[in-house]
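S.K.: Following this line is final-v8.tsv, made up of TSV, C-alpha atoms and all ligand atoms:
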chain	number	residue	atom	x	y	z
A	1	MET	CA	-5.47	-1.34	-17.42
A	2	ASP	CA	-4.09	2.04	-16.41
A	3	ALA	CA	-1.39	1.78	-13.71
A	4	ILE	CA	-2.57	4.83	-11.82
A	5	ALA	CA	-6.21	3.70	-11.79
A	6	LEU	CA	-5.16	0.27	-10.52
A	7	LEU	CA	-3.05	1.69	-7.67
A	8	LYS	CA	-5.78	4.19	-6.75
A	9	ALA	CA	-8.37	1.43	-6.52
A	10	ASP	CA	-6.05	-0.44	-4.13
A	11	HIS	CA	-5.60	2.71	-2.06
A	12	ASP	CA	-9.34	3.28	-1.79
A	13	LYS	CA	-9.87	-0.29	-0.65
A	14	VAL	CA	-7.16	-0.05	2.02
A	15	LYS	CA	-8.48	3.29	3.26
A	16	ARG	CA	-11.94	1.74	3.71
A	17	LEU	CA	-10.49	-1.22	5.59
A	18	LEU	CA	-8.44	1.09	7.83
A	19	SER	CA	-11.55	3.09	8.74
A	20	ASP	CA	-13.28	-0.17	9.64
A	21	LEU	CA	-10.30	-1.23	11.75
A	22	GLU	CA	-10.48	2.03	13.69
A	23	THR	CA	-13.97	1.13	14.93
A	24	THR	CA	-12.82	-2.18	16.44
A	25	THR	CA	-12.10	-2.53	20.15
A	26	GLU	CA	-9.91	-4.56	22.49
A	27	ARG	CA	-12.96	-6.68	23.27
A	28	GLY	CA	-13.81	-7.28	19.62
A	29	GLY	CA	-10.67	-9.33	19.22
A	30	LYS	CA	-11.82	-11.63	16.43
A	31	THR	CA	-13.07	-8.86	14.14
A	32	ARG	CA	-9.96	-6.81	14.84
A	33	ALA	CA	-7.60	-9.68	14.11
A	34	GLU	CA	-9.44	-10.64	10.90
A	35	LEU	CA	-9.54	-7.09	9.59
A	36	PHE	CA	-5.89	-6.61	10.38
A	37	ALA	CA	-4.99	-9.81	8.52
A	38	THR	CA	-6.95	-8.59	5.48
A	39	ILE	CA	-5.21	-5.20	5.56
A	40	LYS	CA	-1.79	-6.81	5.94
A	41	GLY	CA	-2.45	-9.10	2.96
A	42	GLU	CA	-3.69	-6.24	0.77
A	43	LEU	CA	-0.78	-3.98	1.69
A	44	THR	CA	1.84	-6.69	1.26
A	45	ILE	CA	0.67	-7.38	-2.29
A	46	HIS	CA	0.33	-3.68	-3.04
A	47	GLU	CA	3.91	-3.06	-1.89
A	48	ILE	CA	5.12	-5.97	-4.03
A	49	ILE	CA	3.59	-4.62	-7.25
A	50	GLU	CA	4.84	-1.10	-6.53
A	51	GLU	CA	8.35	-2.14	-5.54
A	52	GLU	CA	8.80	-4.72	-8.30
A	53	ILE	CA	7.14	-2.88	-11.19
A	54	PHE	CA	5.95	0.71	-10.70
A	55	TYR	CA	8.74	2.15	-8.56
A	56	PRO	CA	11.71	0.82	-10.62
A	57	ALA	CA	10.14	2.07	-13.86
A	58	LEU	CA	9.51	5.50	-12.35
A	59	LYS	CA	12.86	5.73	-10.56
A	60	SER	CA	14.75	5.52	-13.85
A	61	HIS	CA	13.46	9.02	-14.62
A	62	PRO	CA	15.70	11.52	-12.78
A	63	LYS	CA	12.90	13.95	-11.89
A	64	ALA	CA	10.92	11.17	-10.16
A	65	LYS	CA	13.82	9.50	-8.36
A	66	ASP	CA	13.56	11.32	-5.01
A	67	VAL	CA	9.83	10.75	-4.55
A	68	VAL	CA	10.33	7.04	-5.30
A	69	LEU	CA	13.21	6.72	-2.82
A	70	GLU	CA	10.93	8.29	-0.21
A	71	GLY	CA	8.18	5.82	-1.10
A	72	TYR	CA	10.42	2.83	-0.35
A	73	GLN	CA	11.22	4.28	3.09
A	74	GLU	CA	7.56	4.90	3.83
A	75	HIS	CA	6.78	1.28	2.95
A	76	HIS	CA	9.55	0.24	5.32
A	77	VAL	CA	8.03	2.18	8.24
A	78	VAL	CA	4.57	0.72	7.57
A	79	ASP	CA	6.10	-2.79	7.42
A	80	LEU	CA	7.74	-2.25	10.82
A	81	LEU	CA	4.45	-1.09	12.36
A	82	MET	CA	2.52	-4.00	10.81
A	83	GLY	CA	5.12	-6.43	12.14
A	84	GLU	CA	4.80	-5.01	15.65
A	85	LEU	CA	1.01	-5.13	15.51
A	86	GLU	CA	1.11	-8.71	14.33
A	87	SER	CA	3.24	-9.86	17.25
A	88	MET	CA	1.16	-7.94	19.80
A	89	ASP	CA	-2.06	-9.29	21.28
A	90	VAL	CA	-5.08	-7.43	19.84
A	91	SER	CA	-6.42	-7.04	23.39
A	92	ASP	CA	-3.29	-5.11	24.44
A	93	GLU	CA	-4.23	-1.52	25.37
A	94	ARG	CA	-1.42	-0.26	23.11
A	95	TRP	CA	-2.71	-2.09	20.02
A	96	GLY	CA	-5.31	0.51	19.03
A	97	ALA	CA	-2.85	3.39	19.44
A	98	LYS	CA	-0.29	1.63	17.32
A	99	ALA	CA	-2.91	0.85	14.68
A	100	THR	CA	-3.85	4.54	14.59
A	101	VAL	CA	-0.22	5.49	13.99
A	102	MET	CA	-0.03	2.88	11.22
A	103	LYS	CA	-3.24	4.27	9.66
A	104	GLU	CA	-1.85	7.83	9.74
A	105	ASN	CA	1.39	6.67	8.13
A	106	ILE	CA	-0.45	4.82	5.37
A	107	GLU	CA	-2.78	7.76	4.70
A	108	HIS	CA	0.17	10.12	4.45
A	109	HIS	CA	1.96	7.73	2.09
A	110	ILE	CA	-1.13	7.43	-0.13
A	111	GLU	CA	-1.40	11.22	-0.28
A	112	GLU	CA	2.23	11.49	-1.40
A	113	GLU	CA	1.76	8.83	-4.06
A	114	GLU	CA	-1.50	10.21	-5.40
A	115	GLY	CA	-0.08	13.74	-5.32
A	116	ASP	CA	3.53	14.25	-6.26
A	117	MET	CA	4.34	10.72	-7.41
A	118	PHE	CA	1.39	10.18	-9.77
A	119	LYS	CA	1.84	13.72	-11.13
A	120	LYS	CA	5.40	12.83	-12.08
A	121	ALA	CA	4.30	9.46	-13.45
A	122	ARG	CA	1.83	11.21	-15.77
A	123	GLN	CA	4.67	13.45	-16.97
A	124	VAL	CA	7.23	10.73	-17.69
A	125	PHE	CA	5.03	7.84	-18.93
A	126	ASP	CA	2.81	8.02	-21.96
A	127	ARG	CA	-0.61	6.35	-22.13
A	128	GLY	CA	0.74	3.11	-23.57
A	129	GLU	CA	3.40	2.81	-20.88
A	130	LEU	CA	0.82	3.36	-18.13
A	131	GLU	CA	-1.38	0.68	-19.68
A	132	ASP	CA	1.53	-1.73	-19.92
A	133	LEU	CA	2.61	-1.13	-16.31
A	134	GLY	CA	-1.00	-1.64	-15.23
A	135	GLU	CA	-1.25	-4.95	-17.06
A	136	ARG	CA	1.98	-6.18	-15.49
A	137	MET	CA	0.88	-5.13	-12.00
A	138	ALA	CA	-2.53	-6.80	-12.41
A	139	GLU	CA	-0.80	-10.06	-13.35
A	140	ARG	CA	1.69	-9.76	-10.50
A	141	LYS	CA	-1.17	-9.16	-8.06
A	142	MET	CA	-2.65	-12.52	-9.00
A	143	SER	CA	0.64	-14.42	-8.77
A	144	ALA	CA	1.63	-12.76	-5.48
A	145	GLY	CA	-1.78	-13.60	-4.07
A	146	ARG	CA	-1.27	-17.25	-4.98
A	147	GLU	CA	2.26	-17.29	-3.55
A	148	LEU	CA	1.19	-15.74	-0.25
A	149	GLY	CA	-2.14	-17.56	-0.04
A	150	VAL	CA	-4.01	-14.25	0.02
A	151	PRO	CA	-7.27	-14.04	-1.92
A	152	VAL	CA	-7.03	-11.17	-4.42
A	153	GLY	CA	-10.26	-9.39	-5.26
A	154	ARG	CA	-10.94	-7.80	-8.66
B	201	FE	FE	0.41	2.77	-3.23
B	202	FE	FE	3.15	2.68	-1.73
Translate this file's structure into structure tokens.
M.R.:
Amino acid sequence: MDAIALLKADHDKVKRLLSDLETTTERGGKTRAELFATIKGELTIHEIIEEEIFYPALKSHPKAKDVVLEGYQEHHVVDLLMGELESMDVSDERWGAKATVMKENIEHHIEEEEGDMFKKARQVFDRGELEDLGERMAERKMSAGRELGVPVGR
């Protein structure tokens, strides 16, 4: 499995879930809380496979190092926002605003990865390496899902 195709499929799924989350309201607490839990699970596993497998492999190439270092920091900001949302009641009037800021941060991060980062990945990895990274990430997705008790689709 190609690493870039795997990460892109994850991105598309998260973007869909984030659009769904945006339509939820303070009164639709159950839907909002469930969707948020799904998004948090998906993103947590996605960050694990990137930070354990894709980012370290890419970072060892000097021309890709800066964009990878930025990626780690963008994950960190999203983690902070997710943590704050998790500890806040979904009926809080600030919840939706904070979720919008989280969504914007994630969308920006995905754009950076699919733009500059994947461009560099295609330059420094050959086809076989991308396949190998993809295989390892697919396996890690399954094991991380089991460890965290998050059902992993696909
Ligand atoms: Fe990603
Ligand atoms: Fe990422």
S.K.: Up to 7 Å from (0.0, -4.7, -6.4) in the file's coordinates: name the residues, counting all atoms listed in the file, as a PyMOL selection string.
M.R.: chain A and resi 45-50+137-138+140-141
S.K.: Which residue gives the smallest distance to ligand FE 202 (chain B) among A:Gly41, A:Pro56, A:Gly71, A:Gly29, with only C-alpha atoms and all ligand atoms counted?
M.R.: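 Going through A:Gly41, A:Pro56, A:Gly71, A:Gly29 one by one, the smallest distance to ligand FE 202 (chain B) is for A:Gly71.
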S.K.: Using all atoms listed in the file, which protein or nucleic acid residues are at most 12 Å from ligand FE 201 (chain B), as number ranges by chain?
M.R.: A: 3-15, 42-51, 53-55, 68, 71-72, 74-75, 78, 106-115, 117-118, 137
S.K.: Quick one: write out the picked residues with C-alpha atoms as a PDB file, in the frame of the given file?
M.R.:
ATOM      1  CA  ALA A   3      -1.390   1.780 -13.710  1.00  0.00           C
ATOM      2  CA  ILE A   4      -2.570   4.830 -11.820  1.00  0.00           C
ATOM      3  CA  ALA A   5      -6.210   3.700 -11.790  1.00  0.00           C
ATOM      4  CA  LEU A   6      -5.160   0.270 -10.520  1.00  0.00           C
ATOM      5  CA  LEU A   7      -3.050   1.690  -7.670  1.00  0.00           C
ATOM      6  CA  LYS A   8      -5.780   4.190  -6.750  1.00  0.00           C
ATOM      7  CA  ALA A   9      -8.370   1.430  -6.520  1.00  0.00           C
ATOM      8  CA  ASP A  10      -6.050  -0.440  -4.130  1.00  0.00           C
ATOM      9  CA  HIS A  11      -5.600   2.710  -2.060  1.00  0.00           C
ATOM     10  CA  ASP A  12      -9.340   3.280  -1.790  1.00  0.00           C
ATOM     11  CA  LYS A  13      -9.870  -0.290  -0.650  1.00  0.00           C
ATOM     12  CA  VAL A  14      -7.160  -0.050   2.020  1.00  0.00           C
ATOM     13  CA  LYS A  15      -8.480   3.290   3.260  1.00  0.00           C
ATOM     14  CA  GLU A  42      -3.690  -6.240   0.770  1.00  0.00           C
ATOM     15  CA  LEU A  43      -0.780  -3.980   1.690  1.00  0.00           C
ATOM     16  CA  THR A  44       1.840  -6.690   1.260  1.00  0.00           C
ATOM     17  CA  ILE A  45       0.670  -7.380  -2.290  1.00  0.00           C
ATOM     18  CA  HIS A  46       0.330  -3.680  -3.040  1.00  0.00           C
ATOM     19  CA  GLU A  47       3.910  -3.060  -1.890  1.00  0.00           C
ATOM     20  CA  ILE A  48       5.120  -5.970  -4.030  1.00  0.00           C
ATOM     21  CA  ILE A  49       3.590  -4.620  -7.250  1.00  0.00           C
ATOM     22  CA  GLU A  50       4.840  -1.100  -6.530  1.00  0.00           C
ATOM     23  CA  GLU A  51       8.350  -2.140  -5.540  1.00  0.00           C
ATOM     24  CA  ILE A  53       7.140  -2.880 -11.190  1.00  0.00           C
ATOM     25  CA  PHE A  54       5.950   0.710 -10.700  1.00  0.00           C
ATOM     26  CA  TYR A  55       8.740   2.150  -8.560  1.00  0.00           C
ATOM     27  CA  VAL A  68      10.330   7.040  -5.300  1.00  0.00           C
ATOM     28  CA  GLY A  71       8.180   5.820  -1.100  1.00  0.00           C
ATOM     29  CA  TYR A  72      10.420   2.830  -0.350  1.00  0.00           C
ATOM     30  CA  GLU A  74       7.560   4.900   3.830  1.00  0.00           C
ATOM     31  CA  HIS A  75       6.780   1.280   2.950  1.00  0.00           C
ATOM     32  CA  VAL A  78       4.570   0.720   7.570  1.00  0.00           C
ATOM     33  CA  ILE A 106      -0.450   4.820   5.370  1.00  0.00           C
ATOM     34  CA  GLU A 107      -2.780   7.760   4.700  1.00  0.00           C
ATOM     35  CA  HIS A 108       0.170  10.120   4.450  1.00  0.00           C
ATOM     36  CA  HIS A 109       1.960   7.730   2.090  1.00  0.00           C
ATOM     37  CA  ILE A 110      -1.130   7.430  -0.130  1.00  0.00           C
ATOM     38  CA  GLU A 111      -1.400  11.220  -0.280  1.00  0.00           C
ATOM     39  CA  GLU A 112       2.230  11.490  -1.400  1.00  0.00           C
ATOM     40  CA  GLU A 113       1.760   8.830  -4.060  1.00  0.00           C
ATOM     41  CA  GLU A 114      -1.500  10.210  -5.400  1.00  0.00           C
ATOM     42  CA  GLY A 115      -0.080  13.740  -5.320  1.00  0.00           C
ATOM     43  CA  MET A 117       4.340  10.720  -7.410  1.00  0.00           C
ATOM     44  CA  PHE A 118       1.390  10.180  -9.770  1.00  0.00           C
ATOM     45  CA  MET A 137       0.880  -5.130 -12.000  1.00  0.00           C
TER      46      MET A 137
END
S.K.: Which one of A:Lys120, A:Leu81, A:Gln73, A:Glu86 sits closest to ligand FE 202 (chain B) if you count only C-alpha atoms and all ligand atoms?
M.R.: A:Gln73
S.K.: Between A:Ala97, A:Ala121, A:Leu35, A:Met102, which residue has the minimum interatomic distance to A:Pro62, considering all atoms listed in the file?
M.R.: A:Ala121
S.K.: What's the separation between atom CA of A:Gly28 and atom CA of A:Gly145, in Å to one decimal place?
M.R.: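 Here the two named atoms are 27.3 Å from each other.
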S.K.: Given only C-alpha atoms and all ligand atoms as the basis, pick out the residue of A:Glu70, A:Glu104, A:Glu147, A:Glu26 nearest to ligand FE 202 (chain B).
M.R.: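 Among the listed residues, the smallest separation from ligand FE 202 (chain B) belongs to A:Glu70.
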